Amino acid sequence: MAVSAVDISRSLSGIDFPANKEDLVNHAREKKANKEVINILQQMPDQEYGNMADVEHAFGQVK
């Protein structure tokens, strides 16, 4: 399954920003995100994300 920005956004709905990569992964796991989404999040740069746009930008680079 190809992961889309919508999948990432759904998996992170309700997360509080700023958030680091570990926060993103943990939140997605709590929301029962699929393995592919978790995998993508784990590949993203280890940095602080200020908002969903930052996450989507990093997702575009990893994807």
# chains A, B, ... in the order shown; residues from 1 in each chain; ligands from 1
>>> select_by_dssp(residues="chain A", states="alpha helix (DSSP H)", output="PyMOL selection string")
chain A and resi 5-11+21-30+35-43+52-62
>>> residues_around(residues="range 28-30 of chain A", least_positions_apart="4", cutoff="9 Å", atoms="only C-alpha atoms", output="MDAnalysis selection string")
chainID A and resid 8 10:13 15 23:24 34:35 37:38 41
>>> write_last_selection(atoms="N, CA, C and O atoms", output="PDB file, in the first residue's frame")
ATOM      1  N   ILE A   8      -1.019  10.027   6.523  1.00  0.00           N
ATOM      2  CA  ILE A   8      -0.185  10.597   7.593  1.00  0.00           C
ATOM      3  C   ILE A   8      -1.020  11.561   8.433  1.00  0.00           C
ATOM      4  O   ILE A   8      -1.015  11.498   9.666  1.00  0.00           O
ATOM      5  N   ARG A  10      -4.279  11.707   8.854  1.00  0.00           N
ATOM      6  CA  ARG A  10      -5.278  10.982   9.663  1.00  0.00           C
ATOM      7  C   ARG A  10      -4.632  10.333  10.885  1.00  0.00           C
ATOM      8  O   ARG A  10      -5.200  10.339  11.975  1.00  0.00           O
ATOM      9  N   SER A  11      -3.462   9.758  10.673  1.00  0.00           N
ATOM     10  CA  SER A  11      -2.776   9.059  11.762  1.00  0.00           C
ATOM     11  C   SER A  11      -2.290  10.014  12.843  1.00  0.00           C
ATOM     12  O   SER A  11      -2.058   9.603  13.973  1.00  0.00           O
ATOM     13  N   LEU A  12      -2.126  11.268  12.483  1.00  0.00           N
ATOM     14  CA  LEU A  12      -1.625  12.258  13.437  1.00  0.00           C
ATOM     15  C   LEU A  12      -2.692  13.235  13.900  1.00  0.00           C
ATOM     16  O   LEU A  12      -2.379  14.200  14.602  1.00  0.00           O
ATOM     17  N   SER A  13      -3.946  12.997  13.540  1.00  0.00           N
ATOM     18  CA  SER A  13      -5.002  13.924  13.954  1.00  0.00           C
ATOM     19  C   SER A  13      -5.049  14.001  15.477  1.00  0.00           C
ATOM     20  O   SER A  13      -4.930  12.999  16.174  1.00  0.00           O
ATOM     21  N   ILE A  15      -2.788  15.441  17.369  1.00  0.00           N
ATOM     22  CA  ILE A  15      -1.475  15.569  18.007  1.00  0.00           C
ATOM     23  C   ILE A  15      -1.215  17.028  18.360  1.00  0.00           C
ATOM     24  O   ILE A  15      -1.676  17.937  17.668  1.00  0.00           O
ATOM     25  N   ASP A  23       7.479  11.647  19.090  1.00  0.00           N
ATOM     26  CA  ASP A  23       6.087  11.992  19.411  1.00  0.00           C
ATOM     27  C   ASP A  23       5.153  11.582  18.270  1.00  0.00           C
ATOM     28  O   ASP A  23       4.061  11.050  18.511  1.00  0.00           O
ATOM     29  N   LEU A  24       5.591  11.842  17.029  1.00  0.00           N
ATOM     30  CA  LEU A  24       4.770  11.495  15.865  1.00  0.00           C
ATOM     31  C   LEU A  24       4.540   9.984  15.803  1.00  0.00           C
ATOM     32  O   LEU A  24       3.404   9.524  15.612  1.00  0.00           O
ATOM     33  N   ASN A  34      -1.392   2.018  10.413  1.00  0.00           N
ATOM     34  CA  ASN A  34      -0.831   0.794   9.836  1.00  0.00           C
ATOM     35  C   ASN A  34       0.700   0.855   9.809  1.00  0.00           C
ATOM     36  O   ASN A  34       1.300   1.902  10.001  1.00  0.00           O
ATOM     37  N   LYS A  35       1.305  -0.300   9.568  1.00  0.00           N
ATOM     38  CA  LYS A  35       2.759  -0.420   9.602  1.00  0.00           C
ATOM     39  C   LYS A  35       3.452   0.496   8.609  1.00  0.00           C
ATOM     40  O   LYS A  35       4.520   1.030   8.896  1.00  0.00           O
ATOM     41  N   VAL A  37       2.551   3.451   7.546  1.00  0.00           N
ATOM     42  CA  VAL A  37       2.565   4.827   8.056  1.00  0.00           C
ATOM     43  C   VAL A  37       3.644   4.960   9.134  1.00  0.00           C
ATOM     44  O   VAL A  37       4.441   5.906   9.118  1.00  0.00           O
ATOM     45  N   ILE A  38       3.694   4.015  10.055  1.00  0.00           N
ATOM     46  CA  ILE A  38       4.708   4.031  11.119  1.00  0.00           C
ATOM     47  C   ILE A  38       6.109   4.017  10.508  1.00  0.00           C
ATOM     48  O   ILE A  38       7.002   4.760  10.918  1.00  0.00           O
ATOM     49  N   LEU A  41       7.026   7.413   9.113  1.00  0.00           N
ATOM     50  CA  LEU A  41       7.312   8.360  10.193  1.00  0.00           C
ATOM     51  C   LEU A  41       8.692   8.096  10.792  1.00  0.00           C
ATOM     52  O   LEU A  41       9.421   9.031  11.128  1.00  0.00           O
TER      53      LEU A  41
END
>>> residues_around(residues="range 59-63 of chain A", least_positions_apart="5", cutoff="10 Å", atoms="only C-alpha atoms", output="JSON list (two decimals) with C-alpha atoms, in the first residue's frame")
[["chain", "number", "residue", "atom", "x", "y", "z"],
["A", 2, "ALA", "CA", 1.33, 3.42, -0.92],
["A", 3, "VAL", "CA", 1.16, 5.88, 1.96],
["A", 4, "SER", "CA", -0.32, 9.27, 1.14],
["A", 5, "ALA", "CA", -0.18, 12.61, 2.93],
["A", 8, "ILE", "CA", -0.18, 10.60, 7.59],
["A", 40, "ILE", "CA", 7.42, 6.38, 6.95],
["A", 41, "LEU", "CA", 7.31, 8.36, 10.19],
["A", 42, "GLN", "CA", 10.36, 6.49, 11.47],
["A", 43, "GLN", "CA", 12.28, 7.45, 8.32],
["A", 44, "MET", "CA", 11.56, 11.15, 8.70],
["A", 45, "PRO", "CA", 14.27, 13.51, 9.98],
["A", 53, "ALA", "CA", 2.77, 21.44, 7.14],
["A", 54, "ASP", "CA", 6.25, 20.65, 8.52]]
>>> closest_residue(among="A:Val25, A:Glu36, A:Lys31, A:Pro18", to="Tyr49 in chain A", atoms="only C-alpha atoms")
A:Pro18
>>> atom_distance(atom1="CA of Gly14 in chain A", atom2="CA of Asn26 in chain A")
12.5 Å
>>> select_by_dssp(residues="chain A", states="strand (DSSP E or B)", output="mmCIF file with all heavy atoms, in the first residue's frame")
data_model
loop_
_atom_site.group_PDB
_atom_site.id
_atom_site.type_symbol
_atom_site.label_atom_id
_atom_site.label_comp_id
_atom_site.auth_asym_id
_atom_site.auth_seq_id
_atom_site.Cartn_x
_atom_site.Cartn_y
_atom_site.Cartn_z
ATOM 1 N N ALA A 19 6.065 18.889 17.984
ATOM 2 C CA ALA A 19 6.269 17.475 18.268
ATOM 3 C C ALA A 19 7.546 17.009 17.577
ATOM 4 O O ALA A 19 7.857 17.470 16.482
ATOM 5 C CB ALA A 19 5.077 16.669 17.754
ATOM 6 N N ASN A 20 8.262 16.098 18.222
ATOM 7 C CA ASN A 20 9.444 15.540 17.575
ATOM 8 C C ASN A 20 9.085 14.223 16.891
ATOM 9 O O ASN A 20 7.940 13.775 16.973
ATOM 10 C CB ASN A 20 10.609 15.393 18.566
ATOM 11 C CG ASN A 20 10.298 14.437 19.704
ATOM 12 O OD1 ASN A 20 9.530 13.486 19.552
ATOM 13 N ND2 ASN A 20 10.892 14.683 20.851
ATOM 14 N N GLU A 48 12.234 18.792 15.343
ATOM 15 C CA GLU A 48 10.967 19.250 15.911
ATOM 16 C C GLU A 48 10.079 19.740 14.765
ATOM 17 O O GLU A 48 10.530 20.493 13.903
ATOM 18 C CB GLU A 48 11.211 20.376 16.908
ATOM 19 C CG GLU A 48 9.923 20.834 17.569
ATOM 20 C CD GLU A 48 10.189 21.726 18.756
ATOM 21 O OE1 GLU A 48 10.495 21.205 19.832
ATOM 22 O OE2 GLU A 48 10.090 22.956 18.574
ATOM 23 N N TYR A 49 8.840 19.301 14.782
ATOM 24 C CA TYR A 49 7.848 19.689 13.774
ATOM 25 C C TYR A 49 6.889 20.670 14.427
ATOM 26 O O TYR A 49 6.286 20.364 15.448
ATOM 27 C CB TYR A 49 7.112 18.450 13.261
ATOM 28 C CG TYR A 49 8.052 17.502 12.544
ATOM 29 C CD1 TYR A 49 8.713 16.491 13.231
ATOM 30 C CD2 TYR A 49 8.309 17.648 11.189
ATOM 31 C CE1 TYR A 49 9.600 15.641 12.586
ATOM 32 C CE2 TYR A 49 9.198 16.803 10.528
ATOM 33 C CZ TYR A 49 9.837 15.802 11.237
ATOM 34 O OH TYR A 49 10.724 14.980 10.587
#
>>> atom_distance(atom1="CA of Ala33 in chain A", atom2="CA of Phe17 in chain A")
18.6 Å
